[in-house]
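J.: Provided below: protein-v4.csv, containing CSV, N, CA and C atoms.
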chain,number,residue,atom,x,y,z
A,20,MET,N,-11.0,-8.9,-55.8
A,20,MET,CA,-9.8,-8.2,-55.5
A,20,MET,C,-8.6,-9.2,-55.4
A,21,VAL,N,-7.5,-8.8,-55.9
A,21,VAL,CA,-6.3,-9.7,-55.8
A,21,VAL,C,-5.9,-10.0,-54.4
A,22,LEU,N,-6.1,-9.1,-53.5
A,22,LEU,CA,-5.6,-9.3,-52.1
A,22,LEU,C,-6.4,-10.5,-51.5
A,23,ASN,N,-7.5,-10.8,-52.0
A,23,ASN,CA,-8.3,-12.0,-51.4
A,23,ASN,C,-7.5,-13.3,-51.6
A,24,HIS,N,-6.6,-13.3,-52.5
A,24,HIS,CA,-5.9,-14.5,-52.9
A,24,HIS,C,-4.6,-14.7,-52.1
A,25,PHE,N,-4.3,-13.7,-51.2
A,25,PHE,CA,-3.0,-13.7,-50.5
A,25,PHE,C,-3.3,-13.7,-49.0
A,26,PRO,N,-2.5,-14.3,-48.2
A,26,PRO,CA,-2.6,-14.1,-46.7
A,26,PRO,C,-2.3,-12.7,-46.3
A,27,SER,N,-2.8,-12.2,-45.2
A,27,SER,CA,-2.4,-10.9,-44.8
A,27,SER,C,-1.0,-10.9,-44.4
A,28,PRO,N,-0.2,-9.8,-44.7
A,28,PRO,CA,1.2,-9.7,-44.3
A,28,PRO,C,1.4,-9.7,-42.8
A,29,SER,N,0.3,-9.4,-42.1
A,29,SER,CA,0.4,-9.3,-40.6
A,29,SER,C,0.1,-10.7,-39.9
A,30,ASP,N,-0.4,-11.6,-40.7
A,30,ASP,CA,-0.7,-12.9,-40.1
A,30,ASP,C,0.7,-13.7,-39.8
A,31,PRO,N,0.9,-14.1,-38.5
A,31,PRO,CA,2.1,-14.7,-38.2
A,31,PRO,C,2.6,-15.9,-39.1
A,32,PRO,N,1.7,-16.8,-39.5
A,32,PRO,CA,2.2,-17.9,-40.3
A,32,PRO,C,2.7,-17.4,-41.7
A,33,SER,N,2.2,-16.3,-42.1
A,33,SER,CA,2.6,-15.8,-43.5
A,33,SER,C,3.8,-14.8,-43.5
A,34,ASN,N,4.2,-14.4,-42.3
A,34,ASN,CA,5.3,-13.4,-42.3
A,34,ASN,C,6.5,-13.8,-43.0
A,35,GLU,N,6.9,-15.1,-42.8
A,35,GLU,CA,8.2,-15.6,-43.4
A,35,GLU,C,8.0,-15.7,-44.9
A,36,SER,N,6.8,-16.1,-45.4
A,36,SER,CA,6.6,-16.1,-46.8
A,36,SER,C,6.6,-14.7,-47.4
A,37,TRP,N,6.0,-13.7,-46.8
A,37,TRP,CA,6.0,-12.4,-47.3
A,37,TRP,C,7.4,-11.8,-47.3
A,38,ALA,N,8.2,-12.1,-46.4
A,38,ALA,CA,9.6,-11.6,-46.3
A,38,ALA,C,10.4,-12.0,-47.6
A,39,LYS,N,10.0,-13.1,-48.2
A,39,LYS,CA,10.7,-13.6,-49.4
A,39,LYS,C,10.1,-12.9,-50.7
A,40,CYS,N,8.9,-12.3,-50.6
A,40,CYS,CA,8.3,-11.8,-51.8
A,40,CYS,C,8.8,-10.5,-52.2
A,41,LYS,N,8.9,-10.2,-53.5
A,41,LYS,CA,9.2,-8.9,-54.1
A,41,LYS,C,7.9,-8.5,-54.9
A,42,ILE,N,7.5,-7.3,-54.6
A,42,ILE,CA,6.2,-6.9,-55.3
A,42,ILE,C,6.5,-5.7,-56.2
A,43,ALA,N,6.0,-5.8,-57.4
A,43,ALA,CA,6.1,-4.7,-58.4
A,43,ALA,C,4.6,-4.3,-58.7
A,44,ALA,N,4.5,-3.0,-58.8
A,44,ALA,CA,3.1,-2.4,-59.1
A,44,ALA,C,3.2,-1.8,-60.5
A,45,ILE,N,2.0,-1.8,-61.1
A,45,ILE,CA,1.9,-1.4,-62.5
A,45,ILE,C,1.8,0.2,-62.6
A,46,GLY,N,1.7,0.8,-61.4
A,46,GLY,CA,1.6,2.3,-61.4
A,46,GLY,C,1.5,2.8,-60.0
A,47,GLU,N,1.5,4.1,-59.8
A,47,GLU,CA,1.5,4.7,-58.5
A,47,GLU,C,0.3,4.4,-57.7
A,48,THR,N,-0.9,4.4,-58.4
A,48,THR,CA,-2.1,4.1,-57.7
A,48,THR,C,-2.1,2.7,-57.1
A,49,THR,N,-1.7,1.8,-57.9
A,49,THR,CA,-1.6,0.4,-57.4
A,49,THR,C,-0.6,0.3,-56.2
A,50,SER,N,0.5,1.0,-56.4
A,50,SER,CA,1.6,1.0,-55.4
A,50,SER,C,1.0,1.5,-54.0
A,51,HIS,N,0.3,2.7,-54.1
A,51,HIS,CA,-0.2,3.3,-52.9
A,51,HIS,C,-1.2,2.3,-52.2
A,52,PHE,N,-2.1,1.7,-53.1
A,52,PHE,CA,-3.1,0.7,-52.6
A,52,PHE,C,-2.4,-0.4,-51.8
A,53,LEU,N,-1.4,-1.0,-52.4
A,53,LEU,CA,-0.7,-2.1,-51.8
A,53,LEU,C,0.0,-1.7,-50.5
A,54,VAL,N,0.6,-0.5,-50.5
A,54,VAL,CA,1.3,0.0,-49.3
A,54,VAL,C,0.3,0.2,-48.2
A,55,GLN,N,-0.9,0.7,-48.5
A,55,GLN,CA,-2.0,1.0,-47.5
A,55,GLN,C,-2.4,-0.3,-46.9
A,56,HIS,N,-2.3,-1.4,-47.6
A,56,HIS,CA,-2.7,-2.7,-47.1
A,56,HIS,C,-1.5,-3.5,-46.6
A,57,GLY,N,-0.4,-2.8,-46.2
A,57,GLY,CA,0.7,-3.4,-45.4
A,57,GLY,C,1.7,-4.1,-46.3
A,58,MET,N,1.7,-3.9,-47.6
A,58,MET,CA,2.7,-4.6,-48.4
A,58,MET,C,3.9,-3.6,-48.8
A,59,GLU,N,5.1,-4.2,-48.9
A,59,GLU,CA,6.2,-3.4,-49.3
A,59,GLU,C,6.3,-3.5,-50.8
A,60,VAL,N,6.3,-2.4,-51.5
A,60,VAL,CA,6.4,-2.4,-53.0
A,60,VAL,C,7.9,-2.2,-53.4
A,61,HIS,N,8.5,-3.0,-54.2
A,61,HIS,CA,9.9,-2.9,-54.5
A,61,HIS,C,10.1,-2.2,-55.8
A,62,ALA,N,9.2,-2.2,-56.7
A,62,ALA,CA,9.4,-1.5,-58.0
A,62,ALA,C,8.0,-1.0,-58.5
A,63,VAL,N,8.0,0.2,-59.1
A,63,VAL,CA,6.8,0.7,-59.6
A,63,VAL,C,7.0,1.2,-61.0
A,64,ALA,N,6.1,0.7,-61.9
A,64,ALA,CA,6.2,1.1,-63.3
A,64,ALA,C,5.9,2.5,-63.5
A,65,LYS,N,6.7,3.2,-64.3
A,65,LYS,CA,6.5,4.6,-64.6
A,65,LYS,C,5.2,4.7,-65.5
A,66,GLU,N,5.1,3.8,-66.5
A,66,GLU,CA,4.0,3.8,-67.4
A,66,GLU,C,3.1,2.6,-67.0
A,67,PRO,N,1.8,2.7,-66.9
A,67,PRO,CA,1.0,1.6,-66.5
A,67,PRO,C,0.7,0.6,-67.6
A,68,THR,N,1.7,0.0,-68.1
A,68,THR,CA,1.6,-1.0,-69.2
A,68,THR,C,2.5,-2.2,-68.8
A,69,ALA,N,2.2,-3.3,-69.6
A,69,ALA,CA,3.0,-4.5,-69.3
A,69,ALA,C,4.5,-4.2,-69.6
A,70,GLU,N,4.8,-3.4,-70.6
A,70,GLU,CA,6.2,-3.0,-70.9
A,70,GLU,C,6.8,-2.2,-69.7
A,71,GLY,N,6.0,-1.3,-69.2
A,71,GLY,CA,6.5,-0.5,-68.1
A,71,GLY,C,6.8,-1.3,-66.9
A,72,LEU,N,5.9,-2.3,-66.6
A,72,LEU,CA,6.1,-3.2,-65.5
A,72,LEU,C,7.4,-4.0,-65.6
A,73,VAL,N,7.6,-4.5,-66.8
A,73,VAL,CA,8.8,-5.3,-67.1
A,73,VAL,C,10.1,-4.5,-66.9
A,74,LYS,N,10.0,-3.2,-67.4
A,74,LYS,CA,11.2,-2.3,-67.2
A,74,LYS,C,11.4,-2.1,-65.7
A,75,ALA,N,10.4,-1.9,-64.9
A,75,ALA,CA,10.5,-1.7,-63.5
A,75,ALA,C,11.1,-2.9,-62.8
A,76,ILE,N,10.7,-4.1,-63.2
A,76,ILE,CA,11.2,-5.3,-62.6
A,76,ILE,C,12.7,-5.5,-62.9
A,77,ARG,N,13.0,-5.3,-64.2
A,77,ARG,CA,14.4,-5.4,-64.6
A,77,ARG,C,15.3,-4.4,-63.9
A,78,ALA,N,14.8,-3.2,-63.8
A,78,ALA,CA,15.6,-2.2,-63.0
A,78,ALA,C,15.8,-2.6,-61.6
A,79,TYR,N,14.8,-3.1,-61.0
A,79,TYR,CA,14.9,-3.6,-59.6
A,79,TYR,C,15.9,-4.7,-59.5
A,80,GLU,N,15.9,-5.6,-60.4
A,80,GLU,CA,16.8,-6.8,-60.4
A,80,GLU,C,18.2,-6.3,-60.7
A,81,ASP,N,18.4,-5.2,-61.4
A,81,ASP,CA,19.7,-4.6,-61.7
A,81,ASP,C,20.2,-3.7,-60.5
A,82,GLY,N,19.3,-3.6,-59.5
A,82,GLY,CA,19.7,-2.8,-58.3
A,82,GLY,C,19.4,-1.3,-58.5
A,83,LYS,N,18.6,-0.9,-59.5
A,83,LYS,CA,18.4,0.5,-59.8
A,83,LYS,C,17.1,1.0,-59.3
A,84,ALA,N,16.2,0.2,-58.8
A,84,ALA,CA,14.9,0.6,-58.4
A,84,ALA,C,14.7,0.5,-56.9
A,85,ARG,N,14.0,1.4,-56.3
A,85,ARG,CA,13.5,1.3,-55.0
A,85,ARG,C,12.0,1.5,-55.0
A,86,ALA,N,11.4,1.2,-53.9
A,86,ALA,CA,9.9,1.3,-53.8
A,86,ALA,C,9.5,2.7,-54.1
A,87,ASP,N,10.3,3.7,-53.8
A,87,ASP,CA,9.9,5.1,-53.9
A,87,ASP,C,10.4,5.7,-55.2
A,88,VAL,N,10.9,4.9,-56.1
A,88,VAL,CA,11.4,5.4,-57.4
A,88,VAL,C,10.6,4.8,-58.5
A,89,LEU,N,10.1,5.6,-59.4
A,89,LEU,CA,9.4,5.1,-60.6
A,89,LEU,C,10.5,4.8,-61.7
A,90,VAL,N,10.3,3.7,-62.4
A,90,VAL,CA,11.3,3.3,-63.4
A,90,VAL,C,10.6,3.4,-64.7
Would you write the structure of this file as structure tokens?
T.:
Amino acid sequence: MVLNHFPSPSDPPSNESWAKCKIAAIGETTSHFLVQHGMEVHAVAKEPTAEGLVKAIRAYEDGKARADVLV
């Protein structure tokens, strides 16, 4: 699981690092999973494809996406 490669967001030493991270999910299922594990999702792809993920990230960077909006 990908979460095994990251420190827990609640661990004090990692809080500062997590505050700098922006997280994009490839779909709603992944977004819900990440949120359930304490992560803030900044962009969610409308289509679960690489292209959809790129669109969501670009929209976030352009200030058009929020964690609760699919792009």
J.: Between CA of Ala44 (chain A) and CA of Ala62 (chain A), measure the distance and give it in Å to one decimal.
T.: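 Between CA of Ala44 (chain A) and CA of Ala62 (chain A) the gap works out to 6.5 Å.
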J.: For atom C of Met58 (chain A) and atom N of Glu70 (chain A), determine how far apart the two atoms are, in Å to one decimal place.
T.: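 Those two atoms sit 21.8 Å apart.
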J.: Using Å and a single decimal, report how far CA of Ala43 (chain A) sits from atom N of Asp81 (chain A).
T.: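 Distance between the two atoms: 12.7 Å.
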J.: If you count only N, CA and C atoms, which residues fall within 7 Å of region 46-51 of chain A, apart from same-chain ones fewer than 6 positions away, as a list in words?
T.: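 What passes the distance filter is Val60, Val63, Ala64, Lys65, Glu66, Pro67 and Thr68 of chain A.
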J.: From the options A:Gln55, A:Asn23, A:Ile45, A:His61, which residue's atoms come nearest to Tyr79 (chain A), counting all atoms listed in the file?
T.: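 Closest to Tyr79 (chain A) of all the choices is A:His61.
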